[in-house]
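Let me begin by presenting the structure, written as structure tokens, before commenting on it.
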Amino acid sequence: MEKCLPEYVRDRSWRFLDVGGASGALADFLLDKYPNAEGVVIDISKELLNRNAENDRKQCQQLSAEHIADHFKPHSFDVIILHTLLHHLVTGDYESSDNMVRTVMGQCATLLAPNGRVSVVERVYEGRVFAESTSHIIFRLTSSKHLCRLCKRLGAHTAGVGVRFLPLRQWKTLFRETGYTILRCDVGQQLKPKWYIRWPLLIAEDYHAHFWLSIPDRNGCRHDRFSFRNVVQCVCGKDDERLSERV
Ligand SMILES: C[S@@+](CC[C@H](N)C(=O)[O-])C[C@H]1O[C@@H](n2cnc3c(N)ncnc32)[C@H](O)[C@@H]1O
């Protein structure tokens with residue numbers, strides 16, 4: 001985000017929405033760095049929201065991501081932040097959770113101001129047998145009520161509820177299919193989980209990725225959902241043979 005935001009906002013006034021913004025650490029950082037910014041932090045957790053520092057340019061609201069379009073005016077945010085949130089959007093099963101993520105992405109699109117941006121950070125797992133194998137295993141384990149205690153012991157905060165990570169290619173497809181253009185995608189250093197996590201979860205690769213998204217100009221460029229022409233700039237090693245830039 002640090003690479004994309006300064007160039008985007010320059011010194012104009014702008015407004016952001018941090019969805020799943022928790023105790024507001026990122027919001028406070030942005031408000032401090034950009035005196036012309038104002039922001040709204042929403043989170044499902046009242047407890048985390050209560051930890052937000054007071055700031056005249058910040059509002060906090062307890063709200064679930066699935067309902068943002070009902071609470072804010074269309075086109076009211078220049079930047080919408082979804083940092084390590086999307087994998088938390090789960091319903092009872094893996095497939096319908098996908099719909100929930102798409103619904104939230106759709107709602108973000110309606111809230112974006114013209115030429116607005118969405119910033120997504122996600123942990124990416126590439127599976128060994130097939131790309132989505134790790135994502136399926138993690139979802140099954142973390143959403144199981146029977147394995148709740150075991151998963152908690154192994155450090156899964158979401159044990160009994162579930163989390164749904166995706167491989168890089170699937171995130172990109174989801175963003176394109178929900179109408180976004182991927183302006184930029186940066187991947188982080190490989191994380192190295194211990195062998196007793198890596199082997200049973202069939203993890204081939206594990207890293208963070210940042211996606212910088214926009215909605216194509218409704219009058220100008222045609223958005224071709226499945227076209228790689230949408231990717232203006234991609235700095236990822238996997239999909240793009242160009243040298244990957246590590247963040
Ligand atoms: C992993 S934390 C990320 C916090 C912060 N965005 C960051 O990057 O450090 C995920 C946050 O999303 C919130 N969350 C989970 N499901 C949510 C939902 N459906 N709507 C809004 N917030 C949600 C959690 O309460 C938590 O604060």
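In the structure tokens, the first chain shown is A, the next is B, and so on; residue numbers restart at 1 for each chain, and ligands run from 1 in the order shown.
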
List as a Markdown table every residue of chain A that is in contact with ligand 1, defined as an atom at most 6 Å from one of its atoms (using only C-alpha atoms and all ligand atoms), together with the nearest atom pair and the distance in Å rounded to one decimal, sorted by chain and then rising number.
```
| residue | atom | partner | partner_atom_place_in_ligand_line | distance |
| --- | --- | --- | --- | --- |
| A:Val19 | CA | ligand 1 | 21 (C) | 5.9 |
| A:Gly20 | CA | ligand 1 | 12 (O) | 3.7 |
| A:Gly21 | CA | ligand 1 | 6 (N) | 4.3 |
| A:Ala22 | CA | ligand 1 | 27 (O) | 3.9 |
| A:Asp43 | CA | ligand 1 | 22 (N) | 3.9 |
| A:Ile44 | CA | ligand 1 | 22 (N) | 4.2 |
| A:Ser45 | CA | ligand 1 | 25 (O) | 4.7 |
| A:Leu63 | CA | ligand 1 | 21 (C) | 6.0 |
| A:Ser64 | CA | ligand 1 | 20 (N) | 3.5 |
| A:Ala65 | CA | ligand 1 | 20 (N) | 3.8 |
| A:His83 | CA | ligand 1 | 8 (O) | 4.4 |
| A:Thr84 | CA | ligand 1 | 3 (C) | 4.9 |
| A:Leu85 | CA | ligand 1 | 10 (C) | 4.9 |
| A:His88 | CA | ligand 1 | 16 (N) | 5.1 |
| A:Leu89 | CA | ligand 1 | 19 (N) | 5.6 |
```

Dump of N, CA and C atoms for the selected residues, as a compact mmCIF listing (two decimals), in the first residue's frame:
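Result written to out-v3.txt:
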```
# COMPACT_ATOMS: atom_id res chain seq x y z
N VAL A 19 -12.32 -1.65 6.45
CA VAL A 19 -13.28 -2.70 6.81
C VAL A 19 -12.52 -3.80 7.58
N GLY A 20 -12.99 -4.09 8.78
CA GLY A 20 -12.24 -5.01 9.63
C GLY A 20 -11.01 -4.30 10.16
N GLY A 21 -11.17 -3.03 10.45
CA GLY A 21 -10.03 -2.18 10.84
C GLY A 21 -9.61 -2.34 12.29
N ALA A 22 -10.35 -3.14 13.04
CA ALA A 22 -9.99 -3.51 14.42
C ALA A 22 -9.70 -2.29 15.29
N ASP A 43 -15.78 -2.60 12.17
CA ASP A 43 -15.37 -3.94 12.57
C ASP A 43 -16.58 -4.63 13.20
N ILE A 44 -16.58 -5.95 13.12
CA ILE A 44 -17.66 -6.71 13.73
C ILE A 44 -17.49 -6.77 15.24
N SER A 45 -16.25 -6.54 15.70
CA SER A 45 -15.94 -6.69 17.12
C SER A 45 -15.97 -5.34 17.86
N LEU A 63 -20.00 -2.84 12.67
CA LEU A 63 -20.77 -3.18 11.49
C LEU A 63 -20.12 -4.38 10.81
N SER A 64 -20.94 -5.23 10.24
CA SER A 64 -20.39 -6.37 9.53
C SER A 64 -20.18 -6.01 8.06
N ALA A 65 -19.11 -6.53 7.50
CA ALA A 65 -18.73 -6.19 6.13
C ALA A 65 -19.85 -6.43 5.13
N HIS A 83 -7.81 -5.32 4.69
CA HIS A 83 -6.53 -5.97 5.01
C HIS A 83 -6.76 -7.16 5.93
N THR A 84 -6.37 -8.30 5.46
CA THR A 84 -6.55 -9.61 6.13
C THR A 84 -7.97 -9.78 6.67
N LEU A 85 -8.92 -9.37 5.86
CA LEU A 85 -10.33 -9.50 6.22
C LEU A 85 -11.03 -10.60 5.41
N HIS A 88 -11.82 -14.09 6.43
CA HIS A 88 -12.73 -14.28 7.57
C HIS A 88 -14.19 -14.37 7.14
N LEU A 89 -14.48 -14.03 5.89
CA LEU A 89 -15.87 -14.01 5.45
C LEU A 89 -16.29 -15.41 5.05
```

What's the 12 Å shell around Tyr8 of chain A, counting only C-alpha atoms, without same-chain residues fewer than 2 positions away, as a ChimeraX atom specification? /A:1-6,10-14,78-79,115-119,183,212-214

Those selected residues, please, written with C-alpha atoms and delivered as a PDB file, in the first residue's frame.
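The new file part-v8.pdb reads:
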```pdb
ATOM      1  CA  MET A   1       0.000   0.000   0.000  1.00  0.00           C
ATOM      2  CA  GLU A   2       2.875   2.352   0.777  1.00  0.00           C
ATOM      3  CA  LYS A   3       3.937   2.004  -2.830  1.00  0.00           C
ATOM      4  CA  CYS A   4       0.558   2.859  -4.329  1.00  0.00           C
ATOM      5  CA  LEU A   5      -1.117   5.299  -1.960  1.00  0.00           C
ATOM      6  CA  PRO A   6       1.177   8.393  -2.078  1.00  0.00           C
ATOM      7  CA  ARG A  10      -0.958  13.227  -3.680  1.00  0.00           C
ATOM      8  CA  ASP A  11      -1.961  16.210  -1.523  1.00  0.00           C
ATOM      9  CA  ARG A  12      -5.720  16.278  -2.126  1.00  0.00           C
ATOM     10  CA  SER A  13      -8.430  15.570   0.456  1.00  0.00           C
ATOM     11  CA  TRP A  14      -9.535  11.961   0.527  1.00  0.00           C
ATOM     12  CA  ASP A  78     -11.786   7.157  -2.291  1.00  0.00           C
ATOM     13  CA  VAL A  79      -9.995   4.161  -0.766  1.00  0.00           C
ATOM     14  CA  ASN A 115     -11.451   6.553  -9.798  1.00  0.00           C
ATOM     15  CA  GLY A 116     -11.374   5.070  -6.270  1.00  0.00           C
ATOM     16  CA  ARG A 117      -9.126   2.234  -5.114  1.00  0.00           C
ATOM     17  CA  VAL A 118      -9.506  -0.920  -3.057  1.00  0.00           C
ATOM     18  CA  SER A 119      -6.487  -2.156  -1.115  1.00  0.00           C
ATOM     19  CA  LEU A 183      -3.601  -2.272 -11.054  1.00  0.00           C
ATOM     20  CA  TRP A 212      -4.361  -2.565  -5.542  1.00  0.00           C
ATOM     21  CA  LEU A 213      -7.674  -2.542  -7.369  1.00  0.00           C
ATOM     22  CA  SER A 214      -9.860  -0.123  -9.255  1.00  0.00           C
TER      23      SER A 214
END
```

Picked from segment 64-159 of chain A by DSSP as helix (DSSP H, G or I), as a ChimeraX atom specification: /A:65-71,86-88,94-111,133-143,148-153

Dump as a PDB file, in the first residue's frame, selection limited to C-alpha atoms:
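Final file, again05.pdb:
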```pdb
ATOM      1  CA  ALA A  65     -18.726  -6.193   6.128  1.00  0.00           C
ATOM      2  CA  GLU A  66     -21.769  -7.754   4.420  1.00  0.00           C
ATOM      3  CA  HIS A  67     -23.877  -4.684   5.279  1.00  0.00           C
ATOM      4  CA  ILE A  68     -21.625  -1.799   4.322  1.00  0.00           C
ATOM      5  CA  ALA A  69     -23.668  -0.792   1.269  1.00  0.00           C
ATOM      6  CA  ASP A  70     -26.730  -0.230   3.504  1.00  0.00           C
ATOM      7  CA  HIS A  71     -24.850   2.129   5.813  1.00  0.00           C
ATOM      8  CA  LEU A  86     -11.624 -11.459   3.224  1.00  0.00           C
ATOM      9  CA  HIS A  87     -10.496 -14.876   4.519  1.00  0.00           C
ATOM     10  CA  HIS A  88     -12.735 -14.281   7.573  1.00  0.00           C
ATOM     11  CA  TYR A  94     -16.416 -23.484   1.319  1.00  0.00           C
ATOM     12  CA  GLU A  95     -18.437 -22.738  -1.823  1.00  0.00           C
ATOM     13  CA  SER A  96     -21.037 -20.419  -0.295  1.00  0.00           C
ATOM     14  CA  SER A  97     -18.268 -18.509   1.487  1.00  0.00           C
ATOM     15  CA  ASP A  98     -17.087 -17.567  -1.981  1.00  0.00           C
ATOM     16  CA  ASN A  99     -20.445 -15.850  -2.586  1.00  0.00           C
ATOM     17  CA  MET A 100     -20.055 -13.903   0.621  1.00  0.00           C
ATOM     18  CA  VAL A 101     -16.649 -12.551  -0.429  1.00  0.00           C
ATOM     19  CA  ARG A 102     -18.047 -11.635  -3.847  1.00  0.00           C
ATOM     20  CA  THR A 103     -20.991  -9.853  -2.225  1.00  0.00           C
ATOM     21  CA  VAL A 104     -18.640  -7.751  -0.109  1.00  0.00           C
ATOM     22  CA  MET A 105     -16.453  -6.952  -3.123  1.00  0.00           C
ATOM     23  CA  GLY A 106     -19.607  -5.888  -4.975  1.00  0.00           C
ATOM     24  CA  GLN A 107     -20.673  -3.631  -2.113  1.00  0.00           C
ATOM     25  CA  CYS A 108     -17.214  -2.040  -2.013  1.00  0.00           C
ATOM     26  CA  ALA A 109     -17.582  -1.273  -5.730  1.00  0.00           C
ATOM     27  CA  THR A 110     -20.790   0.671  -5.080  1.00  0.00           C
ATOM     28  CA  LEU A 111     -19.136   2.654  -2.263  1.00  0.00           C
ATOM     29  CA  SER A 133      -5.724 -28.110  -1.461  1.00  0.00           C
ATOM     30  CA  THR A 134      -4.246 -26.164   1.488  1.00  0.00           C
ATOM     31  CA  SER A 135      -7.172 -23.712   1.464  1.00  0.00           C
ATOM     32  CA  HIS A 136      -9.680 -26.590   1.598  1.00  0.00           C
ATOM     33  CA  ILE A 137      -7.812 -28.368   4.411  1.00  0.00           C
ATOM     34  CA  ILE A 138      -7.511 -25.192   6.507  1.00  0.00           C
ATOM     35  CA  PHE A 139     -11.211 -24.443   5.988  1.00  0.00           C
ATOM     36  CA  ARG A 140     -12.262 -27.983   6.957  1.00  0.00           C
ATOM     37  CA  LEU A 141     -10.070 -27.991  10.086  1.00  0.00           C
ATOM     38  CA  THR A 142     -10.915 -24.487  11.309  1.00  0.00           C
ATOM     39  CA  SER A 143     -14.656 -24.780  10.643  1.00  0.00           C
ATOM     40  CA  CYS A 148     -12.232 -26.836  17.664  1.00  0.00           C
ATOM     41  CA  ARG A 149     -10.136 -27.482  20.781  1.00  0.00           C
ATOM     42  CA  LEU A 150      -7.265 -29.051  18.870  1.00  0.00           C
ATOM     43  CA  CYS A 151      -7.168 -26.200  16.336  1.00  0.00           C
ATOM     44  CA  LYS A 152      -7.219 -23.639  19.142  1.00  0.00           C
ATOM     45  CA  ARG A 153      -4.251 -25.365  20.728  1.00  0.00           C
TER      46      ARG A 153
END
```

Can you list, as a list of chain:residue names, every protein, DNA or RNA residue that comes within 8 Å of Leu112 of chain A when you count only C-alpha atoms, leaving out same-chain residues fewer than 6 positions away?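 Near Leu112 of chain A, the qualifying residues are A:Pro74, A:His75, A:Ser76, A:Phe77, A:Asp78, A:Val79, A:Ile80.
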
I want to know what sits within 10 Å of Cys60 of chain A, based on only C-alpha atoms, with residues of the same chain fewer than 6 positions away left out; could you give that as a ChimeraX atom specification? /A:17-18,21-24,39-43,46,49-50,52-54

Those residues you just picked out, can you put them in a file as an mmCIF file, in the first residue's frame with C-alpha atoms?
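This went into part-v6.cif:
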```
data_model
loop_
_atom_site.group_PDB
_atom_site.id
_atom_site.type_symbol
_atom_site.label_atom_id
_atom_site.label_comp_id
_atom_site.auth_asym_id
_atom_site.auth_seq_id
_atom_site.Cartn_x
_atom_site.Cartn_y
_atom_site.Cartn_z
ATOM 1 C CA LEU A 17 -13.095 3.099 4.839
ATOM 2 C CA ASP A 18 -11.135 0.441 6.742
ATOM 3 C CA GLY A 21 -10.026 -2.183 10.840
ATOM 4 C CA ALA A 22 -9.987 -3.515 14.418
ATOM 5 C CA SER A 23 -8.226 -1.168 16.871
ATOM 6 C CA GLY A 24 -7.496 1.373 14.133
ATOM 7 C CA GLY A 39 -11.578 7.798 7.668
ATOM 8 C CA VAL A 40 -14.142 5.379 8.967
ATOM 9 C CA VAL A 41 -13.124 2.185 10.756
ATOM 10 C CA ILE A 42 -15.687 -0.587 10.886
ATOM 11 C CA ASP A 43 -15.373 -3.941 12.567
ATOM 12 C CA LYS A 46 -17.040 -4.018 19.593
ATOM 13 C CA LEU A 49 -13.292 -0.966 18.113
ATOM 14 C CA ASN A 50 -13.248 0.271 21.712
ATOM 15 C CA ASN A 52 -9.418 2.921 18.923
ATOM 16 C CA ALA A 53 -7.706 6.153 19.862
ATOM 17 C CA GLU A 54 -9.851 9.297 19.610
#
```

Please give the complete set of residues from segment 16-239 of chain A that DSSP, run on the backbone, assigns to strand (DSSP E or B), formatted as a short mmCIF file (atom, residue, chain, number, x, y, z; two decimals) with C-alpha atoms, in the first residue's frame.
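Once everything was written out, this is result35.cif:
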```cif
data_model
loop_
_atom_site.label_atom_id
_atom_site.label_comp_id
_atom_site.auth_asym_id
_atom_site.auth_seq_id
_atom_site.Cartn_x
_atom_site.Cartn_y
_atom_site.Cartn_z
CA PHE A 16 -11.12 5.98 3.39
CA LEU A 17 -13.09 3.10 4.84
CA ASP A 18 -11.13 0.44 6.74
CA VAL A 19 -13.28 -2.70 6.81
CA ALA A 37 -7.48 12.39 5.00
CA GLU A 38 -10.48 11.34 7.02
CA GLY A 39 -11.58 7.80 7.67
CA VAL A 40 -14.14 5.38 8.97
CA VAL A 41 -13.12 2.19 10.76
CA ILE A 42 -15.69 -0.59 10.89
CA ASP A 43 -15.37 -3.94 12.57
CA LYS A 58 -11.89 9.18 12.42
CA GLN A 59 -15.26 7.53 12.99
CA CYS A 60 -15.69 4.00 14.30
CA GLN A 61 -18.75 1.83 13.77
CA GLN A 62 -19.59 -1.70 14.74
CA PHE A 77 -14.94 6.59 -0.28
CA ASP A 78 -11.79 7.16 -2.29
CA VAL A 79 -9.99 4.16 -0.77
CA ILE A 80 -11.50 1.03 0.77
CA ILE A 81 -9.14 -1.09 2.84
CA LEU A 82 -9.67 -4.84 3.21
CA HIS A 83 -6.53 -5.97 5.01
CA LEU A 112 -16.08 3.64 -4.27
CA ALA A 113 -15.85 7.20 -5.54
CA PRO A 114 -15.07 7.58 -9.24
CA ASN A 115 -11.45 6.55 -9.80
CA GLY A 116 -11.37 5.07 -6.27
CA ARG A 117 -9.13 2.23 -5.11
CA VAL A 118 -9.51 -0.92 -3.06
CA SER A 119 -6.49 -2.16 -1.12
CA VAL A 120 -6.52 -5.86 -0.26
CA VAL A 121 -3.94 -7.75 1.81
CA GLU A 122 -4.30 -11.51 2.10
CA ARG A 123 -2.22 -14.44 3.24
CA VAL A 124 -1.79 -16.73 0.26
CA TYR A 125 -1.38 -20.50 0.47
CA GLU A 126 -0.39 -22.48 -2.62
CA GLY A 127 -1.18 -26.14 -2.11
CA LEU A 166 -7.08 -18.82 -1.51
CA THR A 181 -9.00 -4.18 -12.53
CA ILE A 182 -5.82 -5.31 -10.78
CA LEU A 183 -3.60 -2.27 -11.05
CA ARG A 184 -0.85 -3.80 -9.02
CA CYS A 185 -0.09 -6.99 -7.09
CA ASP A 186 2.93 -7.32 -4.82
CA VAL A 187 3.87 -10.49 -3.03
CA ILE A 203 1.65 -26.17 1.87
CA ALA A 204 3.88 -25.55 -1.13
CA GLU A 205 4.06 -21.78 -0.70
CA ASP A 206 2.93 -19.37 1.98
CA TYR A 207 3.22 -15.57 1.67
CA HIS A 208 1.28 -12.30 1.90
CA ALA A 209 0.03 -10.46 -1.15
CA HIS A 210 -1.16 -6.90 -1.64
CA PHE A 211 -3.66 -6.11 -4.39
CA TRP A 212 -4.36 -2.57 -5.54
CA LEU A 213 -7.67 -2.54 -7.37
CA SER A 214 -9.86 -0.12 -9.26
#
```

Using atom CA of Leu30 of chain A and atom CA of Leu168 of chain A as the two end points, give the distance in Å to one decimal.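 Taking atom CA of Leu30 of chain A and atom CA of Leu168 of chain A, their separation equals 26.8 Å.
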
So what do you get for atom CA of Pro167 of chain A versus atom CA of Tyr196 of chain A, distance-wise?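 Straight-line distance from atom CA of Pro167 of chain A to atom CA of Tyr196 of chain A works out to 20.5 Å.
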
Report the distance between atom CA of Val129 of chain A and atom CA of Leu201 of chain A in Å, rounded to one decimal place. 10.5 Å
